[in-house]
file data.txt (compact mmCIF, C-alpha atoms)
# COMPACT_ATOMS: atom_id res chain seq x y z
CA MET A 1 0.00 0.00 0.00
CA PRO A 2 1.50 3.42 -0.92
CA THR A 3 2.38 5.86 1.81
CA ILE A 4 0.19 8.96 1.96
CA THR A 5 2.18 12.03 2.90
CA ARG A 6 0.76 15.37 3.92
CA ASP A 7 1.74 17.33 0.84
CA MET A 8 0.62 17.92 -2.72
CA SER A 9 2.45 16.97 -5.85
CA LYS A 10 3.03 19.58 -8.47
CA GLY A 11 1.94 17.02 -11.04
CA GLN A 12 -1.83 16.56 -10.82
CA LEU A 13 -3.82 14.20 -12.99
CA VAL A 14 -7.02 15.53 -14.53
CA ALA A 15 -9.47 13.85 -16.91
CA LEU A 16 -10.93 16.04 -19.63
CA ALA A 17 -14.21 14.68 -20.99
CA PHE A 18 -15.44 14.73 -24.57
CA GLY A 19 -18.30 13.03 -26.39
CA GLN A 20 -20.14 12.55 -29.64
CA ASP A 21 -23.70 11.39 -30.16
CA ALA A 22 -24.11 8.77 -32.92
CA VAL A 23 -20.61 8.43 -34.37
CA ALA A 24 -20.93 8.85 -38.11
CA ALA A 25 -18.77 7.17 -40.74
CA SER A 26 -16.22 9.01 -42.88
CA GLN A 27 -15.22 11.66 -40.39
CA THR A 28 -11.65 12.93 -40.66
CA ASP A 29 -9.91 14.69 -37.77
CA VAL A 30 -13.22 15.92 -36.41
CA GLN A 31 -12.83 17.80 -33.14
CA ILE A 32 -15.48 16.48 -30.78
CA PRO A 33 -17.14 18.69 -28.21
CA VAL A 34 -16.47 18.84 -24.52
CA ALA A 35 -18.99 16.89 -22.52
CA ALA A 36 -20.19 19.57 -20.19
CA ALA A 37 -23.33 21.10 -21.59
CA GLU A 38 -26.22 20.60 -23.99
CA ALA A 39 -25.66 18.30 -26.90
CA SER A 40 -25.90 21.20 -29.32
CA GLN A 41 -22.90 23.00 -27.88
CA VAL A 42 -19.78 22.98 -30.00
CA VAL A 43 -16.96 23.99 -27.65
CA ALA A 44 -14.19 21.61 -28.58
CA GLY A 45 -11.48 22.01 -25.98
CA TYR A 46 -10.27 22.96 -22.53
CA VAL A 47 -7.83 25.79 -21.94
CA ALA A 48 -4.93 24.61 -19.80
CA PRO A 49 -4.33 26.87 -16.79
CA TRP A 50 -0.91 25.30 -16.36
CA SER A 51 1.67 23.60 -18.53
CA GLY A 52 1.50 19.83 -18.57
CA TYR A 53 1.51 16.69 -20.61
CA ILE A 54 -0.94 14.16 -21.96
CA VAL A 55 -0.66 10.79 -20.29
CA ALA A 56 -3.60 8.71 -21.53
CA VAL A 57 -6.64 8.55 -23.76
CA ALA A 58 -9.65 6.38 -23.00
CA ALA A 59 -12.84 5.79 -24.93
CA SER A 60 -16.15 4.06 -24.34
CA LEU A 61 -18.78 3.33 -26.96
CA SER A 62 -22.41 2.57 -26.22
CA ALA A 63 -22.42 -0.24 -28.77
CA ALA A 64 -19.80 -2.10 -30.74
CA ALA A 65 -19.27 -1.69 -34.45
CA THR A 66 -18.90 -4.77 -36.61
CA ALA A 67 -16.94 -3.17 -39.44
CA GLY A 68 -14.60 -0.27 -40.04
CA THR A 69 -12.34 1.60 -37.65
CA LEU A 70 -12.54 4.62 -35.43
CA THR A 71 -9.47 6.45 -34.15
CA VAL A 72 -9.52 8.73 -31.13
CA GLY A 73 -6.65 11.02 -30.25
CA ALA A 74 -5.81 13.97 -28.06
CA THR A 75 -5.06 17.31 -29.65
CA ILE A 76 -3.01 20.30 -28.56
CA GLY A 77 -4.14 23.48 -30.25
CA GLY A 78 -6.11 21.38 -32.73
CA THR A 79 -3.17 19.20 -33.77
CA GLU A 80 -3.37 15.53 -32.93
CA VAL A 81 -0.71 14.02 -30.71
CA ALA A 82 0.06 10.93 -32.76
CA ALA A 83 1.34 8.96 -29.77
CA SER A 84 -2.08 9.30 -28.12
CA THR A 85 -4.11 7.86 -30.96
CA ILE A 86 -6.06 4.69 -30.23
CA THR A 87 -7.75 2.62 -32.90
CA ILE A 88 -11.09 1.00 -32.20
CA ALA A 89 -12.56 -1.74 -34.35
CA THR A 90 -15.15 -3.91 -32.61
CA GLU A 91 -14.34 -2.97 -29.02
CA THR A 92 -16.57 -0.90 -26.77
CA GLU A 93 -13.79 0.15 -24.40
CA LYS A 94 -10.24 1.05 -25.20
CA SER A 95 -7.48 3.04 -23.57
CA ALA A 96 -3.78 3.66 -23.90
CA THR A 97 -1.17 5.43 -21.89
CA VAL A 98 1.14 8.00 -23.45
CA LEU A 99 4.78 8.61 -22.57
CA ARG A 100 4.90 11.96 -20.86
CA THR A 101 7.49 13.32 -23.27
CA ALA A 102 5.22 12.87 -26.29
CA GLY A 103 2.44 15.33 -25.61
CA GLN A 104 3.77 18.30 -23.70
CA PHE A 105 1.87 21.58 -23.74
CA ALA A 106 2.27 25.09 -22.40
CA ALA A 107 -0.10 27.02 -20.18
CA GLY A 108 -2.88 28.46 -22.35
CA ALA A 109 -2.91 25.57 -24.81
CA VAL A 110 -6.31 24.20 -25.81
CA ILE A 111 -6.56 20.49 -25.15
CA GLY A 112 -9.03 18.71 -27.40
CA CYS A 113 -9.94 15.35 -28.80
CA GLU A 114 -10.50 14.36 -32.39
CA ILE A 115 -11.81 11.31 -34.14
CA THR A 116 -11.50 9.77 -37.57
CA SER A 117 -13.87 7.09 -38.78
CA SER A 118 -13.49 5.00 -41.87
CA GLY A 119 -16.05 4.91 -44.63
CA THR A 120 -16.90 1.37 -43.61
CA TRP A 121 -17.47 2.25 -39.95
CA ASP A 122 -20.91 0.86 -39.10
CA GLY A 123 -21.16 1.93 -35.46
CA THR A 124 -23.19 4.91 -36.54
CA SER A 125 -25.83 4.53 -33.85
CA SER A 126 -23.18 4.24 -31.16
CA ASP A 127 -22.35 7.12 -28.85
CA LEU A 128 -18.80 7.93 -27.81
CA ALA A 129 -17.38 9.21 -24.54
CA ALA A 130 -13.68 9.95 -24.48
CA GLN A 131 -11.34 11.14 -21.77
CA VAL A 132 -8.01 12.80 -22.27
CA TYR A 133 -5.91 12.44 -19.14
CA VAL A 134 -3.38 15.17 -18.53
CA VAL A 135 -0.93 15.90 -15.75
CA PHE A 136 -0.81 19.59 -14.96
CA ASN A 137 2.31 21.17 -13.46
CA VAL A 138 0.40 23.07 -10.81
CA GLU A 139 2.11 26.27 -9.72
CA GLY A 140 1.27 29.83 -8.82
CA ILE A 141 -1.39 28.87 -6.34
CA MET B 1 0.63 22.43 2.53
CA GLN B 2 3.83 22.03 0.57
CA ILE B 3 3.80 21.51 -3.19
CA THR B 4 6.52 19.07 -4.16
CA GLY B 5 8.14 19.01 -7.57
CA GLY B 6 7.16 15.60 -8.92
CA ALA B 7 3.96 13.81 -9.73
CA SER B 8 2.62 11.28 -7.27
CA ARG B 9 1.98 7.82 -8.64
CA GLY B 10 -1.35 7.74 -6.82
CA GLN B 11 -3.67 10.29 -8.43
CA MET B 12 -7.27 10.81 -7.41
CA LEU B 13 -10.02 11.70 -9.84
CA GLY B 14 -13.74 12.18 -9.46
CA LEU B 15 -15.75 10.33 -12.11
CA LEU B 16 -19.20 11.84 -12.56
CA PHE B 17 -22.46 9.98 -13.14
CA SER B 18 -26.04 11.15 -13.17
CA ALA B 19 -29.61 10.00 -13.48
CA LYS B 20 -32.68 12.09 -14.18
CA ASN B 21 -36.04 11.31 -12.59
CA LEU B 22 -35.00 8.29 -10.56
CA ALA B 23 -37.32 5.36 -11.23
CA GLN B 24 -39.19 3.28 -8.68
CA GLY B 25 -38.60 -0.42 -8.31
CA VAL B 26 -35.44 -0.73 -10.38
CA THR B 27 -32.51 -2.98 -9.60
CA ASP B 28 -28.90 -2.26 -10.50
CA GLN B 29 -29.80 0.54 -12.90
CA GLN B 30 -26.59 1.80 -14.50
CA MET B 31 -26.20 5.57 -14.44
CA HIS B 32 -25.07 7.68 -17.35
CA THR B 33 -21.79 9.47 -17.35
CA THR B 34 -22.44 13.17 -17.39
CA VAL B 35 -21.64 13.30 -21.08
CA THR B 36 -24.78 14.92 -22.37
CA ASP B 37 -27.08 13.04 -24.69
CA VAL B 38 -24.98 9.92 -25.12
CA ASP B 39 -25.76 6.46 -23.82
CA ILE B 40 -22.46 5.80 -22.08
CA PHE B 41 -22.42 4.17 -18.67
CA GLY B 42 -18.81 4.21 -17.58
CA TYR B 43 -15.22 5.31 -17.90
CA THR B 44 -12.49 3.01 -19.14
CA ALA B 45 -9.59 2.97 -16.68
CA PRO B 46 -6.18 3.49 -18.35
CA TRP B 47 -4.43 2.33 -15.17
CA ARG B 48 -5.14 0.03 -12.28
CA GLY B 49 -6.49 1.68 -9.19
CA ARG B 50 -9.03 1.60 -6.41
CA VAL B 51 -12.16 3.39 -5.35
CA ALA B 52 -11.52 5.93 -2.60
CA ALA B 53 -15.00 7.30 -2.03
CA ILE B 54 -18.49 7.62 -3.40
CA ALA B 55 -20.64 10.71 -2.95
CA TYR B 56 -24.11 11.75 -4.03
CA ASP B 57 -26.15 14.90 -4.44
CA LEU B 58 -29.91 14.60 -4.80
CA HIS B 59 -32.13 17.27 -6.29
CA GLY B 60 -34.69 16.62 -3.54
CA ALA B 61 -34.89 14.46 -0.46
CA ILE B 62 -36.77 11.18 -0.45
CA SER B 63 -39.48 10.59 2.13
CA ALA B 64 -40.37 6.94 1.57
CA GLY B 65 -38.77 3.83 0.20
CA SER B 66 -35.15 3.00 -0.24
CA LEU B 67 -32.38 4.12 -2.60
CA THR B 68 -28.95 2.53 -2.75
CA ILE B 69 -26.05 3.56 -4.95
CA GLY B 70 -22.74 1.88 -5.64
CA ALA B 71 -19.75 1.85 -7.92
CA THR B 72 -19.50 -0.85 -10.59
CA PHE B 73 -16.63 -2.63 -12.30
CA ASN B 74 -17.59 -3.78 -15.79
CA GLY B 75 -21.23 -3.41 -14.84
CA THR B 76 -21.07 -5.37 -11.59
CA GLU B 77 -21.56 -3.51 -8.36
CA ASP B 78 -18.73 -3.63 -5.85
CA THR B 79 -20.70 -4.01 -2.65
CA ASP B 80 -17.92 -2.48 -0.58
CA THR B 81 -18.91 0.84 -2.16
CA THR B 82 -22.67 0.54 -1.72
CA ILE B 83 -24.37 3.17 0.37
CA THR B 84 -28.01 3.50 1.32
CA VAL B 85 -29.52 6.95 1.09
CA PRO B 86 -31.58 7.60 4.21
CA ALA B 87 -34.88 9.48 4.13
CA GLY B 88 -34.39 13.23 4.36
CA SER B 89 -30.85 13.15 3.00
CA THR B 90 -29.89 15.15 -0.06
CA ARG B 91 -26.14 14.66 0.01
CA SER B 92 -23.57 12.47 1.67
CA TYR B 93 -20.47 10.41 1.00
CA TYR B 94 -18.71 7.25 2.00
CA ARG B 95 -14.96 6.82 2.12
CA VAL B 96 -13.97 3.34 1.06
CA PRO B 97 -10.94 1.65 2.65
CA ARG B 98 -8.48 1.71 -0.20
CA TRP B 99 -7.47 -1.92 -0.01
CA GLN B 100 -11.04 -3.13 -0.57
CA THR B 101 -11.81 -2.10 -4.12
CA LYS B 102 -9.08 -2.70 -6.64
CA PHE B 103 -9.50 -2.68 -10.41
CA GLU B 104 -7.24 -3.41 -13.36
CA PRO B 105 -6.46 -1.31 -16.46
CA GLY B 106 -9.25 -1.54 -18.99
CA THR B 107 -11.95 -1.91 -16.37
CA LEU B 108 -15.11 0.06 -17.05
CA ILE B 109 -15.85 2.12 -13.94
CA GLY B 110 -19.55 2.85 -13.52
CA ALA B 111 -22.23 3.58 -10.97
CA GLU B 112 -25.67 2.13 -10.45
CA TYR B 113 -28.69 2.57 -8.26
CA THR B 114 -31.48 0.42 -6.88
CA THR B 115 -34.84 1.60 -5.56
CA THR B 116 -37.79 -0.06 -3.89
CA HIS B 117 -41.30 0.05 -5.34
CA ASP B 118 -42.40 2.53 -2.68
CA PHE B 119 -39.51 4.88 -3.42
CA SER B 120 -40.83 8.45 -3.29
CA GLY B 121 -38.10 10.28 -5.16
CA ASN B 122 -39.12 9.39 -8.69
CA SER B 123 -39.01 13.01 -9.85
CA THR B 124 -35.59 13.47 -8.31
CA ASP B 125 -32.30 13.81 -10.17
CA ILE B 126 -29.03 12.53 -8.77
CA LEU B 127 -25.36 13.23 -9.30
CA VAL B 128 -22.93 10.58 -8.12
CA THR B 129 -19.18 11.03 -7.94
CA VAL B 130 -16.99 7.95 -7.77
CA TYR B 131 -13.54 8.98 -6.57
CA VAL B 132 -10.81 6.70 -7.82
CA VAL B 133 -7.09 6.68 -7.13
CA TYR B 134 -5.17 5.65 -10.21
CA ASP B 135 -1.76 4.07 -9.87
CA ILE B 136 -0.27 5.88 -12.84
CA GLY B 137 2.63 4.23 -14.58
CA GLU B 138 4.03 3.76 -18.09
CA ILE B 139 3.94 7.45 -18.79

call {"tool": "encode", "arguments": {"input": "data.txt", "output": "structure tokens"}}
result
Amino acid sequence: MPTITRDMSKGQLVALAFGQDAVAASQTDVQIPVAAAEASQVVAGYVAPWSGYIVAVAASLSAAATAGTLTVGATIGGTEVAASTITIATETEKSATVLRTAGQFAAGAVIGCEITSSGTWDGTSSDLAAQVYVVFNVEGI
Amino acid sequence: MQITGGASRGQMLGLLFSAKNLAQGVTDQQMHTTVTDVDIFGYTAPWRGRVAAIAYDLHGAISAGSLTIGATFNGTEDTDTTITVPAGSTRSYYRVPRWQTKFEPGTLIGAEYTTTHDFSGNSTDILVTVYVVYDIGEI
């Protein structure tokens, strides 16, 4: 069992949530909205109050596809971090960790999530929830 | 409190779940994540970890019947996390001994609720937070 000390690490893990209702086929690098408001909202990222790095991406689908692929990846300023990309075929849950040197960002960066689905993707009635896990370098507080 | 320079391996997160208009007489009803308008019932864990606490906020207190909530692993409730909401309560929490509820990477972390047929809070909404401590590695 790990020791719990009475302090706070500068590195703090936070999960940023995103989602898409009914994942359509033939989407390319589509930024998906944050999962915080009405379905019609289109805000597609979280502004980072601190510098940090992406450490994992996780995705859950409400139903499995039987054909095609869907990729999910974290973005920094709208550009996908290739090391964070996960490929989903017939799974309903998938996640991957990311080496902390691969997706570093500065304070003020917009952290997003984008998806690409193949033309043969048939999970079009499936909903997607994705989490981008980041470690913030908390300071100035 | 001192802020140390590194990142702790044990990192706590609150995973949010909700249900609108709680139903009467349901058993092990999985709650939605708070992702709006999508039928998703859990979060895939990128690391192993454990449940540290479960907390709830009700829109209105119940006056009759019973409501229990609990965290789930791959859709199965971990009974060490189950709490019963007493009549008159609108919010509370339970801290779970951290050696009781371990999960592996890839586990779907969810929450579910059960009500009796005489449950009075069927127009009540609920927000449940499952606090997990991830053992982050391979980053």

call {"tool": "closest_residue", "arguments": {"input": "data.txt", "among": "B:Gly75, B:Gly70, B:Gly25, B:Gly14", "to": "chain A", "atoms": "all atoms listed in the file"}}
result
B:Gly14

call {"tool": "interface_residues", "arguments": {"input": "data.txt", "of": "chain A", "to": "chain B", "cutoff": "7 Å", "atoms": "all atoms listed in the file", "output": "mmCIF file with C-alpha atoms, keeping the file's coordinate frame"}}
result
data_model
loop_
_atom_site.group_PDB
_atom_site.id
_atom_site.type_symbol
_atom_site.label_atom_id
_atom_site.label_comp_id
_atom_site.auth_asym_id
_atom_site.auth_seq_id
_atom_site.Cartn_x
_atom_site.Cartn_y
_atom_site.Cartn_z
ATOM 1 C CA ASP A 7 1.740 17.330 0.840
ATOM 2 C CA MET A 8 0.620 17.920 -2.720
ATOM 3 C CA SER A 9 2.450 16.970 -5.850
ATOM 4 C CA LYS A 10 3.030 19.580 -8.470
ATOM 5 C CA GLY A 11 1.940 17.020 -11.040
ATOM 6 C CA GLN A 12 -1.830 16.560 -10.820
ATOM 7 C CA LEU A 13 -3.820 14.200 -12.990
ATOM 8 C CA VAL A 14 -7.020 15.530 -14.530
ATOM 9 C CA GLY A 19 -18.300 13.030 -26.390
ATOM 10 C CA ASP A 21 -23.700 11.390 -30.160
ATOM 11 C CA ALA A 35 -18.990 16.890 -22.520
ATOM 12 C CA ALA A 36 -20.190 19.570 -20.190
ATOM 13 C CA ALA A 37 -23.330 21.100 -21.590
ATOM 14 C CA GLU A 38 -26.220 20.600 -23.990
ATOM 15 C CA ALA A 39 -25.660 18.300 -26.900
ATOM 16 C CA VAL A 55 -0.660 10.790 -20.290
ATOM 17 C CA ALA A 56 -3.600 8.710 -21.530
ATOM 18 C CA ALA A 58 -9.650 6.380 -23.000
ATOM 19 C CA ALA A 59 -12.840 5.790 -24.930
ATOM 20 C CA SER A 60 -16.150 4.060 -24.340
ATOM 21 C CA LEU A 61 -18.780 3.330 -26.960
ATOM 22 C CA SER A 62 -22.410 2.570 -26.220
ATOM 23 C CA GLU A 93 -13.790 0.150 -24.400
ATOM 24 C CA LYS A 94 -10.240 1.050 -25.200
ATOM 25 C CA SER A 95 -7.480 3.040 -23.570
ATOM 26 C CA ALA A 96 -3.780 3.660 -23.900
ATOM 27 C CA THR A 97 -1.170 5.430 -21.890
ATOM 28 C CA VAL A 98 1.140 8.000 -23.450
ATOM 29 C CA LEU A 99 4.780 8.610 -22.570
ATOM 30 C CA ARG A 100 4.900 11.960 -20.860
ATOM 31 C CA ASP A 127 -22.350 7.120 -28.850
ATOM 32 C CA ALA A 129 -17.380 9.210 -24.540
#

call {"tool": "axis_aligned_box", "arguments": {"input": "data.txt", "around": "stretch 82-89 of chain B", "padding_each_side": "6 Å", "output": "lines of an AutoDock Vina configuration file"}}
result
center_x = -28.8
center_y = 6.9
center_z = 1.3
size_x = 24.2
size_y = 24.7
size_z = 18.1

call {"tool": "atom_distance", "arguments": {"input": "data.txt", "atom1": "atom CA of A:Ser26", "atom2": "atom CA of A:Cys113"}}
result
16.7 Å

call {"tool": "closest_residue", "arguments": {"input": "data.txt", "among": "A:Thr85, A:Gln20, A:Thr5, A:Ser51", "to": "A:Thr124", "atoms": "all atoms listed in the file"}}
result
A:Gln20

call {"tool": "atom_distance", "arguments": {"input": "data.txt", "atom1": "atom CA of B:Arg95", "atom2": "atom CA of B:Ser120"}}
result
26.5 Å

call {"tool": "atom_distance", "arguments": {"input": "data.txt", "atom1": "atom CA of A:Ala130", "atom2": "atom CA of B:Thr79"}}
result
26.8 Å

call {"tool": "residues_near_point", "arguments": {"input": "data.txt", "point": "(-5.2, 6.2, -29.3)", "cutoff": "7 Å", "atoms": "all atoms listed in the file", "output": "MDAnalysis selection string"}}
result
chainID A and resid 57 71:73 84:87 95:96

call {"tool": "closest_residue", "arguments": {"input": "data.txt", "among": "A:Leu128, A:Val81, A:Thr116, A:Ala109", "to": "A:Pro49", "atoms": "only C-alpha atoms"}}
result
A:Ala109

call {"tool": "closest_residue", "arguments": {"input": "data.txt", "among": "A:Glu91, A:Glu114, A:Glu80, A:Asp122", "to": "A:Ala44", "atoms": "only C-alpha atoms"}}
result
A:Glu114

call {"tool": "closest_residue", "arguments": {"input": "data.txt", "among": "A:Ala15, A:Val23, A:Val134, A:Ala48", "to": "A:Ala64", "atoms": "only C-alpha atoms"}}
result
A:Val23

call {"tool": "residues_around", "arguments": {"input": "data.txt", "residues": "B:Thr81", "least_positions_apart": "5", "cutoff": "12 Å", "atoms": "only C-alpha atoms", "output": "PyMOL selection string"}}
result
chain B and resi 50-55+68-73+76+93-102+110-113+129-132
